[in-house]
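Structure file run08.txt with compact mmCIF, C-alpha atoms:
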```
# COMPACT_ATOMS: atom_id res chain seq x y z
CA MET N 1 -40.26 5.82 -15.54
CA GLN N 2 -43.64 7.02 -14.32
CA GLY N 3 -46.64 6.21 -16.50
CA VAL N 4 -48.89 8.76 -14.79
CA ARG N 5 -48.42 12.52 -14.74
CA ILE N 6 -50.15 15.30 -12.80
CA TYR N 7 -51.82 18.10 -14.72
CA GLU N 8 -53.47 21.19 -13.25
CA MET N 9 -56.30 22.39 -15.43
CA PRO N 10 -57.37 25.99 -14.79
CA SER N 11 -60.91 27.03 -14.04
CA CYS N 12 -62.17 28.36 -17.35
CA LYS N 13 -65.08 28.66 -19.75
CA MET N 14 -65.83 25.71 -22.01
CA VAL N 15 -68.10 25.34 -25.01
CA SER N 16 -70.35 22.34 -24.36
CA SER N 17 -71.96 20.05 -26.93
CA GLY N 18 -74.62 19.00 -24.46
CA THR N 19 -75.22 15.30 -23.84
CA GLY N 20 -75.17 13.05 -26.88
CA MET N 21 -73.51 10.29 -28.85
CA PHE N 22 -71.13 10.31 -31.79
CA GLY N 23 -72.93 10.34 -35.12
CA GLU N 24 -76.01 12.07 -33.65
CA GLY N 25 -77.44 15.62 -33.66
CA ASN N 26 -75.34 18.09 -31.70
CA PHE N 27 -72.31 15.78 -31.77
CA ILE N 28 -72.21 15.99 -35.57
CA LEU N 29 -72.51 19.79 -35.37
CA PHE N 30 -69.92 19.99 -32.58
CA ASP N 31 -67.47 17.84 -34.55
CA GLU N 32 -67.88 20.10 -37.60
CA TRP N 33 -67.40 23.24 -35.50
CA LEU N 34 -64.43 21.74 -33.63
CA SER N 35 -62.80 20.74 -36.94
CA SER N 36 -62.96 24.39 -38.03
CA GLN N 37 -60.92 25.53 -34.99
CA LYS N 38 -57.19 26.12 -35.40
CA ARG N 39 -55.18 23.15 -34.14
CA ASN N 40 -52.68 24.11 -31.42
CA LEU N 41 -49.79 22.34 -29.74
CA PHE N 42 -52.18 20.58 -27.34
CA PRO N 43 -55.80 19.58 -27.99
CA LYS N 44 -58.32 21.79 -26.18
CA ASP N 45 -61.27 19.43 -26.38
CA PHE N 46 -62.31 17.00 -23.66
CA LEU N 47 -64.96 14.33 -23.42
CA TYR N 48 -66.73 12.85 -20.40
CA TRP N 49 -69.49 10.34 -19.79
CA ALA N 50 -72.65 11.92 -18.36
CA GLY N 51 -74.64 8.77 -17.60
CA GLU N 52 -76.87 8.83 -20.68
CA GLY N 53 -74.32 9.98 -23.21
CA PHE N 54 -71.11 11.92 -23.63
CA VAL N 55 -70.51 15.63 -23.20
CA TRP N 56 -67.87 17.15 -25.47
CA LEU N 57 -66.12 20.30 -24.24
CA TYR N 58 -63.80 22.79 -25.92
CA MET N 59 -61.85 25.52 -24.12
CA TYR N 60 -63.53 28.85 -24.83
CA GLU N 61 -61.54 31.95 -25.81
CA ASP N 62 -62.89 35.51 -25.79
CA GLY N 63 -64.26 36.49 -29.17
CA MET N 64 -64.74 32.90 -30.30
CA ASN N 65 -67.64 32.38 -32.72
CA VAL N 66 -69.79 29.75 -31.00
CA PRO N 67 -72.90 28.36 -32.72
CA GLU N 68 -76.12 29.03 -30.80
CA GLU N 69 -76.72 25.26 -30.40
CA PHE N 70 -73.89 25.13 -27.84
CA GLU N 71 -73.75 26.47 -24.32
CA ILE N 72 -70.73 28.19 -22.77
CA ILE N 73 -70.26 26.77 -19.28
CA ASP N 74 -68.02 27.38 -16.27
CA PHE N 75 -65.48 24.58 -15.84
CA GLN N 76 -64.13 24.01 -12.33
CA GLY N 77 -60.63 22.83 -13.25
CA GLY N 78 -58.29 21.32 -10.67
CA LEU N 79 -55.69 18.59 -10.43
CA TYR N 80 -55.83 15.49 -12.63
CA ALA N 81 -53.76 12.32 -12.83
CA VAL N 82 -53.24 11.68 -16.54
CA ALA N 83 -52.44 8.36 -18.21
CA THR N 84 -52.04 7.71 -21.94
CA ASP N 85 -53.06 4.65 -23.95
CA ILE N 86 -54.40 3.61 -27.34
CA ASP N 87 -57.89 5.03 -27.91
CA GLN N 88 -60.63 2.39 -27.56
CA LYS N 89 -58.14 -0.40 -26.70
CA THR N 90 -57.32 0.60 -23.14
CA ASP N 91 -57.15 -2.05 -20.43
CA LYS N 92 -59.09 0.06 -17.91
CA GLU N 93 -58.42 -2.32 -15.01
CA LEU N 94 -54.65 -2.18 -15.57
CA MET N 95 -54.77 1.61 -15.98
CA ASN N 96 -56.80 2.06 -12.78
CA THR N 97 -54.32 -0.13 -10.88
CA GLU N 98 -51.39 1.96 -12.12
CA VAL N 99 -53.16 5.24 -11.30
CA GLU N 100 -54.15 4.06 -7.81
CA LYS N 101 -50.57 2.95 -7.07
CA PHE N 102 -49.23 6.32 -8.21
CA LEU N 103 -51.79 8.22 -6.12
CA SER N 104 -51.16 6.22 -2.94
CA GLU N 105 -47.37 6.63 -3.30
CA ASN N 106 -47.75 10.39 -3.62
CA GLY N 107 -50.33 11.34 -0.96
CA LEU N 108 -53.17 11.81 -3.43
CA GLU N 109 -56.64 10.34 -3.92
CA ARG N 110 -59.40 10.51 -6.50
CA ASP N 111 -61.81 13.43 -6.34
CA THR N 112 -65.21 11.90 -7.08
CA SER N 113 -66.92 15.32 -7.09
CA ARG N 114 -65.60 15.93 -10.63
CA SER N 115 -65.93 13.93 -13.84
CA GLU N 116 -63.14 11.93 -15.47
CA LEU N 117 -62.15 13.40 -18.83
CA GLY N 118 -60.47 12.13 -21.95
CA ASN N 119 -59.07 13.55 -25.14
CA VAL N 120 -57.41 12.19 -28.24
CA ILE N 121 -53.91 13.68 -28.45
CA THR N 122 -52.79 12.29 -31.82
CA SER N 123 -52.49 14.63 -34.77
CA PRO N 124 -53.87 13.45 -38.13
CA LEU N 125 -50.31 12.95 -39.45
CA ALA N 126 -49.25 10.88 -36.42
CA GLN N 127 -52.46 8.82 -36.65
CA LYS N 128 -51.71 8.08 -40.30
CA ILE N 129 -48.20 6.88 -39.40
CA LEU N 130 -49.22 4.90 -36.28
CA GLY N 131 -52.48 3.52 -37.61
CA TYR N 132 -54.22 4.39 -34.34
CA GLU N 133 -54.87 7.33 -32.00
CA GLN N 134 -53.53 7.85 -28.50
CA MET N 135 -55.86 9.11 -25.79
CA ASP N 136 -55.12 10.90 -22.52
CA TYR N 137 -57.33 9.82 -19.62
CA TYR N 138 -57.79 12.48 -16.92
CA PHE N 139 -58.68 11.32 -13.40
CA PRO N 140 -59.67 14.14 -11.00
CA ILE N 141 -57.56 14.04 -7.87
CA LYS N 142 -56.92 15.88 -4.61
CA ALA N 143 -54.49 15.71 -1.69
CA LYS N 144 -55.35 13.12 0.97
```

Encoded form using structure tokens:
Amino acid sequence: MQGVRIYEMPSCKMVSSGTGMFGEGNFILFDEWLSSQKRNLFPKDFLYWAGEGFVWLYMYEDGMNVPEEFEIIDFQGGLYAVATDIDQKTDKELMNTEVEKFLSENGLERDTSRSELGNVITSPLAQKILGYEQMDYYFPIKAK
């Protein structure tokens, strides 16, 4: 069984929180706004580290009511290698080893021109049953 999958994310518009940390300013507002969005089959929010804080993104849809505090940005999209683990308990070294092995066996390599992303994929009901949340880790990739 493969523990890594390939996902192609389309170029699209994203609502951006701006750079921040959980429990602070725009992140509190973004979390409140995000919580008001209808939950779909797959989460549409993504997080990445921007050096001095996180940036939280949410896939924009035409006609969406976006608070003025948030910017709508162009998102490049592309191919990602995706691995899943328990949120905040991931053995990053082990995950990176597994991802690198998968990439080398399949003629792929990391694309360092794009940011790594992550999103929590566990619904509130599943989190209640499991007692933890699962997170998908997205590693940008390209053909060698």

For Ser113 (chain N), please output as a PyMOL selection string all residues within 12 Å (counting all atoms listed in the file; exclusion window: fewer than 5 positions along the same chain). chain N and resi 76-78+139-142

Which is closer to Glu68 (chain N) than all the others in N:Gly23, N:Gly107, N:Gly18, N:Gly131, using only C-alpha atoms?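 Using only C-alpha atoms, the shortest distance to Glu68 (chain N) belongs to N:Gly18.
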
What is the distance, in Å and to one decimal place, between CA of Ile73 (chain N) and CA of Lys13 (chain N)? 5.5 Å

Could you check which of N:Gln37, N:Glu69, N:Gly53, N:Phe75 is closest to Pro10 (chain N), using only C-alpha atoms? N:Phe75

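Distances from N:Ser36, N:Leu29, N:Val82, N:Pro124 to Glu8 (chain N) were compared using only C-alpha atoms, and the smallest one belongs to N:Val82.
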
Just the number, please: distance in Å from CA of Asp45 (chain N) to CA of Thr97 (chain N), one decimal.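 So the answer is 25.9 Å.
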
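You will find CA of Ser17 (chain N) at 9.7 Å from CA of Leu47 (chain N).
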
Residue contacts of Asn96 (chain N) (12 Å, all atoms listed in the file) excluding same-chain residues fewer than 2 positions away, as a list in words: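 These residues fall inside the cut-off: Gly3, Val4, Ala81, Val82, Ala83, Thr84, Thr90, Asp91, Lys92, Glu93, Leu94, Glu98, Val99, Glu100, Lys101, Phe102, Leu103, Arg110, Tyr137, Tyr138 and Phe139 of chain N.
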